[in-house]
file work10.tsv (TSV, C-alpha atoms and all ligand atoms)
chain	number	residue	atom	x	y	z
A	1	MET	CA	-21.42	13.86	-33.78
A	2	LYS	CA	-18.26	15.99	-33.88
A	3	ILE	CA	-15.11	16.09	-31.75
A	4	THR	CA	-14.95	19.49	-30.01
A	5	GLU	CA	-12.03	19.21	-27.59
A	6	VAL	CA	-9.05	16.93	-26.89
A	7	LYS	CA	-7.05	17.09	-23.67
A	8	THR	CA	-3.93	15.12	-22.76
A	9	TYR	CA	-2.63	14.34	-19.29
A	10	ASN	CA	0.80	12.95	-18.44
A	11	LEU	CA	0.37	11.16	-15.14
A	12	ARG	CA	3.16	10.17	-12.78
A	13	TYR	CA	2.77	8.07	-9.66
A	14	PRO	CA	5.89	7.81	-7.42
A	15	LEU	CA	6.43	4.25	-6.17
A	16	VAL	CA	6.77	3.54	-2.46
A	17	GLN	CA	9.34	0.80	-3.18
A	18	PRO	CA	11.34	0.94	-6.44
A	19	PHE	CA	11.79	-2.31	-8.39
A	20	ALA	CA	13.82	-3.44	-11.38
A	21	ASN	CA	13.44	-5.43	-14.56
A	22	SER	CA	16.56	-6.34	-16.56
A	23	GLN	CA	16.68	-2.85	-18.15
A	24	THR	CA	16.18	-0.36	-15.35
A	25	TRP	CA	14.99	0.51	-11.85
A	26	SER	CA	11.47	1.94	-11.78
A	27	LYS	CA	10.86	4.74	-9.28
A	28	ALA	CA	7.54	5.92	-10.74
A	29	ARG	CA	4.71	4.73	-12.98
A	30	ARG	CA	3.49	6.87	-15.84
A	31	ALA	CA	0.46	7.03	-18.11
A	32	GLY	CA	-0.44	9.21	-21.11
A	33	ILE	CA	-4.16	9.87	-20.88
A	34	VAL	CA	-6.36	11.29	-23.65
A	35	GLU	CA	-9.79	12.83	-23.04
A	36	ILE	CA	-11.93	13.46	-26.13
A	37	ARG	CA	-15.11	15.57	-25.87
A	38	THR	CA	-17.90	15.77	-28.42
A	39	ASP	CA	-20.81	18.07	-29.28
A	40	ALA	CA	-23.15	15.24	-28.18
A	41	GLY	CA	-21.95	15.66	-24.59
A	42	ILE	CA	-20.16	12.28	-24.69
A	43	THR	CA	-16.59	12.10	-23.38
A	44	GLY	CA	-14.18	9.26	-24.23
A	45	TRP	CA	-11.01	8.23	-22.39
A	46	GLY	CA	-7.91	6.56	-23.76
A	47	GLU	CA	-4.35	5.73	-22.75
A	48	GLY	CA	-1.21	5.59	-24.85
A	49	SER	CA	2.46	5.16	-24.04
A	50	SER	CA	2.76	8.62	-25.57
A	51	THR	CA	0.20	11.36	-26.31
A	52	PRO	CA	-0.63	13.10	-29.61
A	53	SER	CA	0.85	16.51	-30.44
A	54	GLN	CA	-1.32	19.63	-30.45
A	55	ALA	CA	-0.78	19.90	-34.21
A	56	ALA	CA	-2.10	16.35	-34.75
A	57	ILE	CA	-5.09	17.14	-32.51
A	58	ASP	CA	-5.88	20.33	-34.43
A	59	THR	CA	-5.54	18.87	-37.92
A	60	CYS	CA	-6.74	15.26	-37.47
A	61	LEU	CA	-9.31	15.32	-34.64
A	62	ILE	CA	-11.11	18.61	-34.00
A	63	GLY	CA	-14.36	18.76	-36.00
A	64	LYS	CA	-14.14	15.10	-37.10
A	65	ASP	CA	-16.84	12.44	-36.53
A	66	PRO	CA	-15.63	9.91	-33.90
A	67	PHE	CA	-17.34	7.08	-35.82
A	68	ASP	CA	-14.74	7.52	-38.60
A	69	ILE	CA	-12.22	5.52	-36.59
A	70	GLU	CA	-10.27	3.95	-39.47
A	71	VAL	CA	-10.12	7.26	-41.32
A	72	ILE	CA	-8.86	9.09	-38.23
A	73	TRP	CA	-6.25	6.36	-37.53
A	74	ASN	CA	-4.87	6.59	-41.05
A	75	THR	CA	-4.98	10.37	-41.19
A	76	MET	CA	-3.07	10.67	-37.92
A	77	HIS	CA	-0.50	8.13	-39.06
A	78	GLN	CA	0.04	9.18	-42.66
A	79	ARG	CA	-0.59	12.91	-42.68
A	80	GLY	CA	-0.50	13.82	-39.00
A	81	GLY	CA	2.96	12.34	-38.40
A	82	SER	CA	1.81	10.46	-35.28
A	83	ASN	CA	3.33	7.13	-34.26
A	84	PRO	CA	1.02	4.24	-33.30
A	85	ALA	CA	1.79	4.74	-29.58
A	86	ALA	CA	0.39	8.28	-29.73
A	87	ILE	CA	-2.58	7.13	-31.83
A	88	SER	CA	-3.36	4.37	-29.29
A	89	GLY	CA	-4.85	6.70	-26.67
A	90	VAL	CA	-6.95	8.52	-29.27
A	91	ASP	CA	-8.21	5.25	-30.74
A	92	ILE	CA	-9.21	3.84	-27.33
A	93	ALA	CA	-11.03	7.10	-26.49
A	94	LEU	CA	-12.91	6.99	-29.82
A	95	TRP	CA	-14.10	3.43	-29.16
A	96	ASP	CA	-15.14	4.56	-25.67
A	97	ILE	CA	-17.25	7.31	-27.30
A	98	LEU	CA	-18.81	4.83	-29.77
A	99	GLY	CA	-19.74	2.47	-26.97
A	100	LYS	CA	-21.30	5.26	-24.94
A	101	ALA	CA	-23.18	6.59	-27.99
A	102	LEU	CA	-24.57	3.11	-28.76
A	103	ASP	CA	-24.96	2.12	-25.08
A	104	GLN	CA	-22.81	-0.98	-25.63
A	105	PRO	CA	-19.56	-2.21	-24.08
A	106	ILE	CA	-16.60	-2.08	-26.47
A	107	TYR	CA	-16.22	-5.87	-26.56
A	108	ARG	CA	-19.66	-6.07	-28.21
A	109	LEU	CA	-18.66	-3.53	-30.86
A	110	LEU	CA	-15.60	-5.70	-31.54
A	111	GLY	CA	-17.79	-8.73	-32.22
A	112	GLY	CA	-18.66	-10.12	-28.82
A	113	ALA	CA	-16.85	-11.73	-25.88
A	114	PHE	CA	-15.73	-15.37	-25.80
A	115	ARG	CA	-15.61	-15.11	-21.99
A	116	ASP	CA	-17.16	-12.85	-19.35
A	117	ARG	CA	-14.10	-13.10	-17.13
A	118	MET	CA	-10.46	-13.66	-17.99
A	119	PRO	CA	-8.27	-16.27	-16.32
A	120	ALA	CA	-5.35	-14.14	-15.18
A	121	TYR	CA	-1.71	-14.57	-14.37
A	122	ALA	CA	-0.14	-12.62	-11.53
A	123	SER	CA	2.51	-10.44	-13.16
A	124	GLY	CA	5.11	-9.33	-10.64
A	125	LEU	CA	8.17	-10.88	-8.98
A	126	PHE	CA	10.49	-8.03	-9.88
A	127	LYS	CA	14.00	-7.55	-8.53
A	128	LYS	CA	14.09	-5.38	-5.40
A	129	ALA	CA	16.85	-3.85	-3.30
A	130	VAL	CA	16.64	-6.36	-0.45
A	131	PRO	CA	19.27	-8.59	1.20
A	132	ASP	CA	17.57	-11.94	0.37
A	133	ILE	CA	15.68	-11.54	-2.89
A	134	THR	CA	15.16	-15.29	-3.24
A	135	GLN	CA	13.09	-15.56	-0.07
A	136	ILE	CA	11.13	-12.39	-1.00
A	137	LEU	CA	10.32	-13.85	-4.44
A	138	MET	CA	9.25	-17.20	-2.96
A	139	ASP	CA	6.95	-15.48	-0.45
A	140	GLU	CA	5.48	-13.21	-3.14
A	141	ALA	CA	4.83	-16.12	-5.51
A	142	LYS	CA	3.22	-18.19	-2.77
A	143	ALA	CA	0.97	-15.24	-1.88
A	144	TYR	CA	-0.30	-15.11	-5.49
A	145	VAL	CA	-1.17	-18.80	-5.38
A	146	ASP	CA	-2.93	-18.27	-2.03
A	147	GLN	CA	-4.99	-15.48	-3.68
A	148	GLY	CA	-6.27	-18.01	-6.23
A	149	PHE	CA	-4.00	-17.40	-9.23
A	150	SER	CA	-3.15	-20.51	-11.23
A	151	ALA	CA	-0.42	-18.72	-13.20
A	152	VAL	CA	2.43	-16.34	-12.32
A	153	LYS	CA	5.18	-14.52	-14.23
A	154	MET	CA	8.56	-13.51	-12.85
A	155	LYS	CA	11.35	-11.26	-14.05
A	156	ILE	CA	14.66	-12.69	-15.21
A	157	GLY	CA	17.48	-11.31	-17.34
A	158	PHE	CA	19.79	-10.52	-14.40
A	159	GLY	CA	22.51	-13.03	-15.28
A	160	GLU	CA	22.85	-16.79	-15.06
A	161	ALA	CA	23.38	-17.03	-11.29
A	162	TYR	CA	20.31	-14.90	-10.43
A	163	ASP	CA	18.05	-16.45	-13.05
A	164	VAL	CA	18.82	-20.12	-12.36
A	165	LYS	CA	18.68	-19.75	-8.59
A	166	ASN	CA	15.48	-17.72	-8.46
A	167	VAL	CA	13.47	-19.48	-11.17
A	168	THR	CA	14.22	-22.78	-9.43
A	169	ALA	CA	13.21	-21.30	-6.06
A	170	VAL	CA	9.95	-19.80	-7.36
A	171	ARG	CA	9.02	-23.07	-9.08
A	172	ARG	CA	9.60	-24.86	-5.78
A	173	ALA	CA	7.52	-22.24	-3.91
A	174	VAL	CA	4.45	-22.47	-6.19
A	175	GLY	CA	4.51	-26.23	-6.71
A	176	ASP	CA	4.22	-28.31	-9.89
A	177	THR	CA	0.68	-27.46	-11.04
A	178	ILE	CA	0.96	-23.65	-11.29
A	179	ILE	CA	1.74	-22.12	-14.69
A	180	LEU	CA	5.07	-20.27	-14.48
A	181	ALA	CA	6.34	-17.85	-17.15
A	182	VAL	CA	9.57	-15.83	-17.21
A	183	ASP	CA	10.23	-12.39	-18.70
A	184	ALA	CA	13.77	-11.23	-19.54
A	185	ASN	CA	12.72	-7.77	-20.84
A	186	CYS	CA	15.20	-7.99	-23.74
A	187	GLY	CA	18.07	-8.59	-21.32
A	188	TYR	CA	20.22	-10.98	-23.37
A	189	ASP	CA	21.91	-11.56	-26.71
A	190	VAL	CA	20.98	-14.67	-28.70
A	191	GLY	CA	23.74	-16.93	-27.38
A	192	THR	CA	23.15	-16.00	-23.74
A	193	ALA	CA	19.38	-16.27	-24.13
A	194	ILE	CA	19.72	-19.84	-25.44
A	195	ASP	CA	22.29	-20.81	-22.80
A	196	ILE	CA	20.20	-19.54	-19.90
A	197	GLY	CA	16.99	-20.83	-21.49
A	198	GLN	CA	18.48	-24.34	-21.49
A	199	LYS	CA	19.49	-23.99	-17.84
A	200	ILE	CA	16.06	-22.83	-16.59
A	201	ALA	CA	13.99	-25.09	-18.87
A	202	ALA	CA	13.89	-27.88	-16.27
A	203	ASN	CA	11.42	-25.73	-14.29
A	204	ASP	CA	8.54	-26.41	-16.72
A	205	LEU	CA	8.18	-22.84	-17.99
A	206	PHE	CA	5.05	-21.87	-19.88
A	207	TRP	CA	6.79	-19.16	-21.88
A	208	TYR	CA	10.08	-17.28	-22.13
A	209	GLU	CA	9.26	-13.62	-22.80
A	210	GLU	CA	11.49	-11.13	-24.62
A	211	PRO	CA	14.78	-13.00	-24.26
A	212	ILE	CA	16.40	-10.53	-26.70
A	213	THR	CA	15.87	-7.08	-28.17
A	214	THR	CA	12.39	-6.43	-29.58
A	215	ASP	CA	13.04	-6.27	-33.31
A	216	ASP	CA	15.69	-8.97	-33.92
A	217	VAL	CA	13.55	-11.23	-36.12
A	218	ASP	CA	16.33	-13.70	-37.01
A	219	GLY	CA	17.40	-13.85	-33.37
A	220	TYR	CA	13.89	-14.80	-32.22
A	221	VAL	CA	13.66	-17.49	-34.90
A	222	GLU	CA	17.03	-18.88	-33.79
A	223	ILE	CA	16.06	-18.96	-30.11
A	224	ARG	CA	12.69	-20.52	-30.83
A	225	ARG	CA	14.31	-23.34	-32.79
A	226	ALA	CA	16.98	-23.91	-30.16
A	227	LEU	CA	14.74	-24.16	-27.09
A	228	ASN	CA	12.00	-26.57	-26.16
A	229	MET	CA	9.68	-23.91	-24.74
A	230	ARG	CA	7.29	-21.25	-26.00
A	231	ILE	CA	8.80	-17.88	-26.90
A	232	ALA	CA	6.77	-14.69	-26.36
A	233	GLY	CA	7.26	-11.03	-27.24
A	234	GLY	CA	6.06	-7.91	-29.01
A	235	GLU	CA	4.93	-5.65	-26.15
A	236	GLY	CA	7.01	-2.73	-27.42
A	237	LEU	CA	6.15	-3.02	-31.12
A	238	GLN	CA	4.16	-0.26	-32.79
A	239	GLY	CA	1.85	-0.84	-35.72
A	240	ARG	CA	1.10	-3.94	-37.81
A	241	TRP	CA	4.25	-3.52	-39.89
A	242	ALA	CA	6.50	-4.04	-36.85
A	243	PHE	CA	4.78	-7.37	-36.13
A	244	ARG	CA	4.70	-8.66	-39.71
A	245	ASP	CA	8.05	-10.43	-40.02
A	246	LEU	CA	8.09	-11.71	-36.43
A	247	ILE	CA	4.69	-13.34	-36.98
A	248	GLN	CA	5.23	-14.60	-40.52
A	249	LYS	CA	8.71	-15.97	-39.81
A	250	ARG	CA	7.45	-17.44	-36.52
A	251	GLY	CA	9.77	-15.66	-34.14
A	252	TYR	CA	7.16	-16.18	-31.43
A	253	ASP	CA	4.75	-18.79	-30.17
A	254	ILE	CA	2.86	-16.08	-28.27
A	255	VAL	CA	2.37	-12.55	-29.63
A	256	GLN	CA	1.90	-9.87	-26.96
A	257	PRO	CA	0.73	-6.57	-28.48
A	258	ASP	CA	-0.04	-3.78	-26.01
A	259	VAL	CA	-3.28	-1.95	-26.87
A	260	SER	CA	-1.74	1.35	-25.69
A	261	ILE	CA	1.50	0.96	-27.68
A	262	ALA	CA	0.64	-1.00	-30.83
A	263	GLY	CA	-2.11	1.41	-31.96
A	264	GLY	CA	-5.35	0.88	-30.01
A	265	PHE	CA	-8.20	-1.51	-30.74
A	266	THR	CA	-8.24	-0.65	-34.44
A	267	GLU	CA	-4.63	-1.72	-35.00
A	268	CYS	CA	-4.59	-4.58	-32.50
A	269	ARG	CA	-7.47	-6.31	-34.32
A	270	LYS	CA	-5.35	-6.30	-37.47
A	271	ILE	CA	-2.33	-7.69	-35.61
A	272	ALA	CA	-4.52	-10.41	-34.06
A	273	ALA	CA	-5.87	-11.31	-37.51
A	274	MET	CA	-2.31	-11.62	-38.83
A	275	ALA	CA	-1.37	-13.84	-35.88
A	276	SER	CA	-4.49	-15.98	-36.41
A	277	ALA	CA	-3.67	-16.44	-40.09
A	278	ASN	CA	-0.25	-17.73	-39.01
A	279	HIS	CA	-1.62	-19.95	-36.20
A	280	LEU	CA	0.04	-18.00	-33.41
A	281	ARG	CA	-1.49	-17.29	-30.02
A	282	VAL	CA	-2.20	-13.68	-28.91
A	283	LEU	CA	-1.92	-12.91	-25.20
A	284	PRO	CA	-1.86	-9.10	-24.87
A	285	HIS	CA	0.62	-7.22	-22.71
A	286	MET	CA	-0.89	-5.03	-19.95
A	287	TRP	CA	1.09	-2.47	-17.96
A	288	GLY	CA	-0.77	0.72	-17.28
A	289	SER	CA	-3.61	2.64	-15.66
A	290	SER	CA	-7.24	1.64	-15.12
A	291	ILE	CA	-7.92	2.72	-18.71
A	292	ARG	CA	-5.39	0.35	-20.29
A	293	LEU	CA	-6.56	-2.38	-17.92
A	294	ALA	CA	-10.19	-1.99	-19.04
A	295	ALA	CA	-9.23	-1.65	-22.72
A	296	THR	CA	-7.09	-4.80	-22.65
A	297	LEU	CA	-9.92	-6.77	-21.00
A	298	HIS	CA	-12.38	-5.69	-23.72
A	299	TRP	CA	-9.97	-6.65	-26.49
A	300	GLN	CA	-8.71	-9.92	-25.07
A	301	ALA	CA	-12.29	-11.08	-24.36
A	302	THR	CA	-12.89	-11.00	-28.12
A	303	ILE	CA	-9.89	-13.17	-29.06
A	304	PRO	CA	-10.88	-16.84	-29.49
A	305	ASP	CA	-8.83	-19.68	-28.05
A	306	ALA	CA	-6.28	-20.98	-30.51
A	307	PRO	CA	-6.93	-23.76	-31.25
A	308	GLU	CA	-10.55	-23.95	-30.09
A	309	VAL	CA	-10.63	-27.38	-28.47
A	310	LEU	CA	-12.17	-29.10	-25.46
A	311	ASN	CA	-9.26	-28.19	-23.21
A	312	PRO	CA	-7.68	-25.08	-24.70
A	313	ILE	CA	-4.57	-23.45	-23.33
A	314	PRO	CA	-6.14	-20.65	-21.24
A	315	SER	CA	-6.25	-17.11	-22.67
A	316	LEU	CA	-4.24	-15.76	-19.74
A	317	PHE	CA	-4.70	-12.08	-18.90
A	318	GLU	CA	-1.69	-10.13	-17.60
A	319	PHE	CA	-2.76	-8.82	-14.19
A	320	ASP	CA	-0.14	-6.38	-12.91
A	321	MET	CA	0.33	-7.03	-9.17
A	322	THR	CA	2.69	-4.14	-8.48
A	323	GLU	CA	1.72	-1.07	-6.49
A	324	ASN	CA	0.27	1.60	-8.85
A	325	ARG	CA	-2.51	3.99	-7.91
A	326	LEU	CA	-2.96	4.92	-11.57
A	327	ARG	CA	-4.26	1.38	-12.01
A	328	THR	CA	-6.11	0.91	-8.71
A	329	ASP	CA	-7.56	4.42	-8.13
A	330	LEU	CA	-8.11	6.14	-11.51
A	331	ALA	CA	-11.38	4.26	-12.10
A	332	GLU	CA	-14.17	4.99	-9.60
A	333	VAL	CA	-14.73	1.24	-9.19
A	334	PRO	CA	-11.41	-0.63	-9.26
A	335	ILE	CA	-11.05	-3.69	-11.50
A	336	ARG	CA	-9.86	-6.54	-9.30
A	337	ALA	CA	-8.84	-10.14	-9.76
A	338	VAL	CA	-11.13	-12.51	-7.89
A	339	GLU	CA	-9.80	-16.03	-7.29
A	340	GLY	CA	-7.47	-15.63	-10.28
A	341	TYR	CA	-10.12	-14.28	-12.69
A	342	VAL	CA	-10.72	-10.70	-13.85
A	343	PRO	CA	-14.29	-9.74	-14.89
A	344	ILE	CA	-14.84	-7.91	-18.21
A	345	PRO	CA	-16.34	-4.45	-17.51
A	346	GLN	CA	-20.01	-4.45	-18.55
A	347	GLY	CA	-20.95	-0.76	-18.84
A	348	PRO	CA	-21.07	1.19	-22.13
A	349	GLY	CA	-17.72	1.96	-23.79
A	350	LEU	CA	-14.80	0.98	-21.57
A	351	GLY	CA	-17.26	0.47	-18.72
A	352	ILE	CA	-15.33	2.61	-16.22
A	353	GLU	CA	-15.84	6.09	-14.74
A	354	ILE	CA	-12.73	8.24	-14.34
A	355	ASN	CA	-12.05	9.78	-10.93
A	356	ARG	CA	-11.05	13.35	-11.87
A	357	ALA	CA	-9.56	14.07	-8.44
A	358	VAL	CA	-7.09	11.17	-8.95
A	359	LEU	CA	-6.41	12.34	-12.52
A	360	GLU	CA	-5.53	15.83	-11.32
A	361	ARG	CA	-3.52	14.64	-8.32
A	362	TYR	CA	-1.03	12.72	-10.49
A	363	ALA	CA	-0.99	15.04	-13.54
A	364	SER	CA	2.46	16.60	-13.93
B	401	MG	MG	7.16	-8.19	-20.62

call {"tool": "encode", "arguments": {"input": "work10.tsv", "output": "structure tokens"}}
result
Amino acid sequence: MKITEVKTYNLRYPLVQPFANSQTWSKARRAGIVEIRTDAGITGWGEGSSTPSQAAIDTCLIGKDPFDIEVIWNTMHQRGGSNPAAISGVDIALWDILGKALDQPIYRLLGGAFRDRMPAYASGLFKKAVPDITQILMDEAKAYVDQGFSAVKMKIGFGEAYDVKNVTAVRRAVGDTIILAVDANCGYDVGTAIDIGQKIAANDLFWYEEPITTDDVDGYVEIRRALNMRIAGGEGLQGRWAFRDLIQKRGYDIVQPDVSIAGGFTECRKIAAMASANHLRVLPHMWGSSIRLAATLHWQATIPDAPEVLNPIPSLFEFDMTENRLRTDLAEVPIRAVEGYVPIPQGPGLGIEINRAVLERYAS
């Protein structure tokens, strides 16, 4: 089998209601989609936070055998000048082709699934331009619990007054038994992250995500030692080298690679192996279209509990609850959470069919 054609699509979906994390207001959602065609009539789909250049496509992909996944990854990275984010979409599309060629879902090619559905956490609770954000957050969190979620994650990083007031309110709204995590999106420096972490810790938080900038290894180690709660991060890191020191020096309790940023399945398996060798938990980040959603489900299904015990800490899947038609409409059959669980797609490859009308509607 040979690759005959590679197309890229930069999708943009304008949000009905903008929302903010600690860094910025979001007015639209974006996705970099890669379509790879072969002379066997099989088409693969991938998503990356960026897309490969035409030069990389011409020199590293056209005419190559899609089964040579490791070779293609390394050629794109070392000779093609592509970063892991741009390779991610290609890598996911190649695994989609392999699965379709072998009539197997990707999770089976990766070694088999430990679960056929993922326990999920509702990822939302952003800041919005409303007069009483606290009441809005409490209502939103309660709605997630009513939908059957046993875990939720909220955004912080907006300053001490906002964070303390709203984390306390959301904890009160969901009750004592729901898992609650907070995500600061790199909003603080080390001293502030520790100070605010100490002030919100009384709310029984499951993890504190990205308190500081992504690559400050010593800062993460310092925060982790100072606080009595799990520290998570890594969603923006690209390639195994970016994760190495944070994992080996134990900057995190929970490593959160994104399959569409870190380098696709091929690279994420290596990052997960490195985390496993250092006894750290991997709970992938997910923030994208139907393609990234399906890809993350396939990968996370293959990650064992750590440690594997009678009552393991659940392998929580990040289920994005925000409005995004690239996630809900790009696949012909939407992937939904049912009573707080998300099923692993069972068809060959990614197990989804792409709706080309939706693809074209949001292509810019
Ligand atoms: Mg995050």

call {"tool": "residues_near_ligand", "arguments": {"input": "work10.tsv", "ligand": "ligand MG 401 (chain B)", "cutoff": "9 Å", "atoms": "all atoms listed in the file", "output": "PyMOL selection string"}}
result
chain A and resi 155+182-186+209-210+232-236+256+285-287

call {"tool": "write_last_selection", "arguments": {"input": "work10.tsv", "atoms": "C-alpha atoms", "output": "PDB file, in the frame of the given file"}}
result
ATOM      1  CA  LYS A 155      11.350 -11.260 -14.050  1.00  0.00           C
ATOM      2  CA  VAL A 182       9.570 -15.830 -17.210  1.00  0.00           C
ATOM      3  CA  ASP A 183      10.230 -12.390 -18.700  1.00  0.00           C
ATOM      4  CA  ALA A 184      13.770 -11.230 -19.540  1.00  0.00           C
ATOM      5  CA  ASN A 185      12.720  -7.770 -20.840  1.00  0.00           C
ATOM      6  CA  CYS A 186      15.200  -7.990 -23.740  1.00  0.00           C
ATOM      7  CA  GLU A 209       9.260 -13.620 -22.800  1.00  0.00           C
ATOM      8  CA  GLU A 210      11.490 -11.130 -24.620  1.00  0.00           C
ATOM      9  CA  ALA A 232       6.770 -14.690 -26.360  1.00  0.00           C
ATOM     10  CA  GLY A 233       7.260 -11.030 -27.240  1.00  0.00           C
ATOM     11  CA  GLY A 234       6.060  -7.910 -29.010  1.00  0.00           C
ATOM     12  CA  GLU A 235       4.930  -5.650 -26.150  1.00  0.00           C
ATOM     13  CA  GLY A 236       7.010  -2.730 -27.420  1.00  0.00           C
ATOM     14  CA  GLN A 256       1.900  -9.870 -26.960  1.00  0.00           C
ATOM     15  CA  HIS A 285       0.620  -7.220 -22.710  1.00  0.00           C
ATOM     16  CA  MET A 286      -0.890  -5.030 -19.950  1.00  0.00           C
ATOM     17  CA  TRP A 287       1.090  -2.470 -17.960  1.00  0.00           C
TER      18      TRP A 287
END

call {"tool": "closest_residue", "arguments": {"input": "work10.tsv", "among": "A:Arg230, A:Arg30, A:Arg292, A:His77", "to": "Val259 of chain A", "atoms": "all atoms listed in the file"}}
result
A:Arg292

call {"tool": "atom_distance", "arguments": {"input": "work10.tsv", "atom1": "atom CA of Leu227 of chain A", "atom2": "atom CA of Met274 of chain A"}}
result
24.2 Å

call {"tool": "closest_atom_pairs", "arguments": {"input": "work10.tsv", "of": "segment 261-324 of chain A", "to": "segment 108-117 of chain A", "cutoff": "7 Å", "atoms": "only C-alpha atoms", "output": "CSV"}}
result
residue,atom,partner,partner_atom,distance
A:Ala301,CA,A:Ala113,CA,4.9
A:Thr302,CA,A:Ala113,CA,4.6
A:Pro304,CA,A:Phe114,CA,6.3

call {"tool": "residues_around", "arguments": {"input": "work10.tsv", "residues": "segment 44-55 of chain A", "least_positions_apart": "3", "cutoff": "7 Å", "atoms": "all atoms listed in the file", "output": "PyMOL selection string"}}
result
chain A and resi 8+31-37+58-59+82+85-90+92-94+96-97+260-261+291-292

call {"tool": "residues_around", "arguments": {"input": "work10.tsv", "residues": "segment 322-324 of chain A", "least_positions_apart": "4", "cutoff": "9 Å", "atoms": "only C-alpha atoms", "output": "list of chain:residue names"}}
result
A:Tyr13, A:Pro14, A:Leu15, A:Val16, A:Gln17, A:Ala28, A:Arg29, A:Ser123, A:Gly124, A:Leu125, A:Phe126, A:Gly288, A:Ser289, A:Thr328, A:Asp329

call {"tool": "atom_distance", "arguments": {"input": "work10.tsv", "atom1": "atom CA of Gly41 of chain A", "atom2": "atom CA of Asn355 of chain A"}}
result
17.9 Å

call {"tool": "closest_residue", "arguments": {"input": "work10.tsv", "among": "A:Glu70, A:Asp176, A:Asp139, A:Asp146", "to": "Val338 of chain A", "atoms": "only C-alpha atoms"}}
result
A:Asp146

call {"tool": "closest_residue", "arguments": {"input": "work10.tsv", "among": "A:Gln198, A:Gln104, A:Thr134, A:Thr4", "to": "Val167 of chain A", "atoms": "only C-alpha atoms"}}
result
A:Thr134

call {"tool": "closest_residue", "arguments": {"input": "work10.tsv", "among": "A:Asp215, A:Glu267, A:Glu339, A:Asp258", "to": "Asp245 of chain A", "atoms": "all atoms listed in the file"}}
result
A:Asp215

call {"tool": "residues_around", "arguments": {"input": "work10.tsv", "residues": "segment 307-315 of chain A", "least_positions_apart": "5", "cutoff": "8 Å", "atoms": "all atoms listed in the file", "output": "ChimeraX atom specification"}}
result
/A:118-119,283,300

call {"tool": "residues_around", "arguments": {"input": "work10.tsv", "residues": "segment 200-205 of chain A", "least_positions_apart": "6", "cutoff": "10 Å", "atoms": "all atoms listed in the file", "output": "JSON, numbers by chain"}}
result
{"A": [153, 160, 163, 164, 165, 166, 167, 168, 169, 170, 171, 172, 176, 177, 178, 179, 180, 181, 182, 227, 228, 229, 230]}

call {"tool": "atom_distance", "arguments": {"input": "work10.tsv", "atom1": "atom CA of Arg240 of chain A", "atom2": "atom CA of Cys268 of chain A"}}
result
7.8 Å

call {"tool": "residues_around", "arguments": {"input": "work10.tsv", "residues": "Ala122 of chain A", "least_positions_apart": "2", "cutoff": "7 Å", "atoms": "only C-alpha atoms", "output": "ChimeraX atom specification"}}
result
/A:120,124,144,149,151-153,318-321

call {"tool": "closest_residue", "arguments": {"input": "work10.tsv", "among": "A:Leu237, A:Met154, A:Ile344, A:Ala101", "to": "Ala141 of chain A", "atoms": "all atoms listed in the file"}}
result
A:Met154

call {"tool": "closest_residue", "arguments": {"input": "work10.tsv", "among": "A:Tyr252, A:Tyr9, A:Trp95, A:Phe19", "to": "His298 of chain A", "atoms": "only C-alpha atoms"}}
result
A:Trp95

call {"tool": "decode", "arguments": {"input": "work10.tsv", "residues": "segment 310-319 of chain A", "atoms": "N, CA and C atoms", "output": "short mmCIF file (atom, residue, chain, number, x, y, z; two decimals), in the first residue's frame"}}
result
data_model
loop_
_atom_site.label_atom_id
_atom_site.label_comp_id
_atom_site.auth_asym_id
_atom_site.auth_seq_id
_atom_site.Cartn_x
_atom_site.Cartn_y
_atom_site.Cartn_z
N LEU A 310 -7.49 -3.75 43.58
CA LEU A 310 -8.92 -4.05 43.63
C LEU A 310 -9.77 -2.79 43.40
N ASN A 311 -9.38 -1.71 44.03
CA ASN A 311 -10.12 -0.47 43.87
C ASN A 311 -9.21 0.62 43.33
N PRO A 312 -8.91 0.56 42.04
CA PRO A 312 -7.96 1.55 41.50
C PRO A 312 -8.59 2.94 41.43
N ILE A 313 -7.73 3.94 41.43
CA ILE A 313 -8.21 5.29 41.10
C ILE A 313 -8.67 5.24 39.65
N PRO A 314 -9.89 5.70 39.34
CA PRO A 314 -10.41 5.51 37.98
C PRO A 314 -9.58 6.23 36.92
N SER A 315 -9.46 5.58 35.74
CA SER A 315 -8.78 6.20 34.61
C SER A 315 -9.74 7.18 33.97
N LEU A 316 -9.82 8.38 34.53
CA LEU A 316 -10.85 9.35 34.12
C LEU A 316 -10.55 9.93 32.75
N PHE A 317 -11.57 9.93 31.90
CA PHE A 317 -11.46 10.46 30.54
C PHE A 317 -11.96 11.91 30.53
N GLU A 318 -11.21 12.80 29.87
CA GLU A 318 -11.63 14.21 29.82
C GLU A 318 -12.73 14.37 28.77
N PHE A 319 -13.96 14.56 29.22
CA PHE A 319 -15.08 14.76 28.30
C PHE A 319 -15.44 16.24 28.29
#
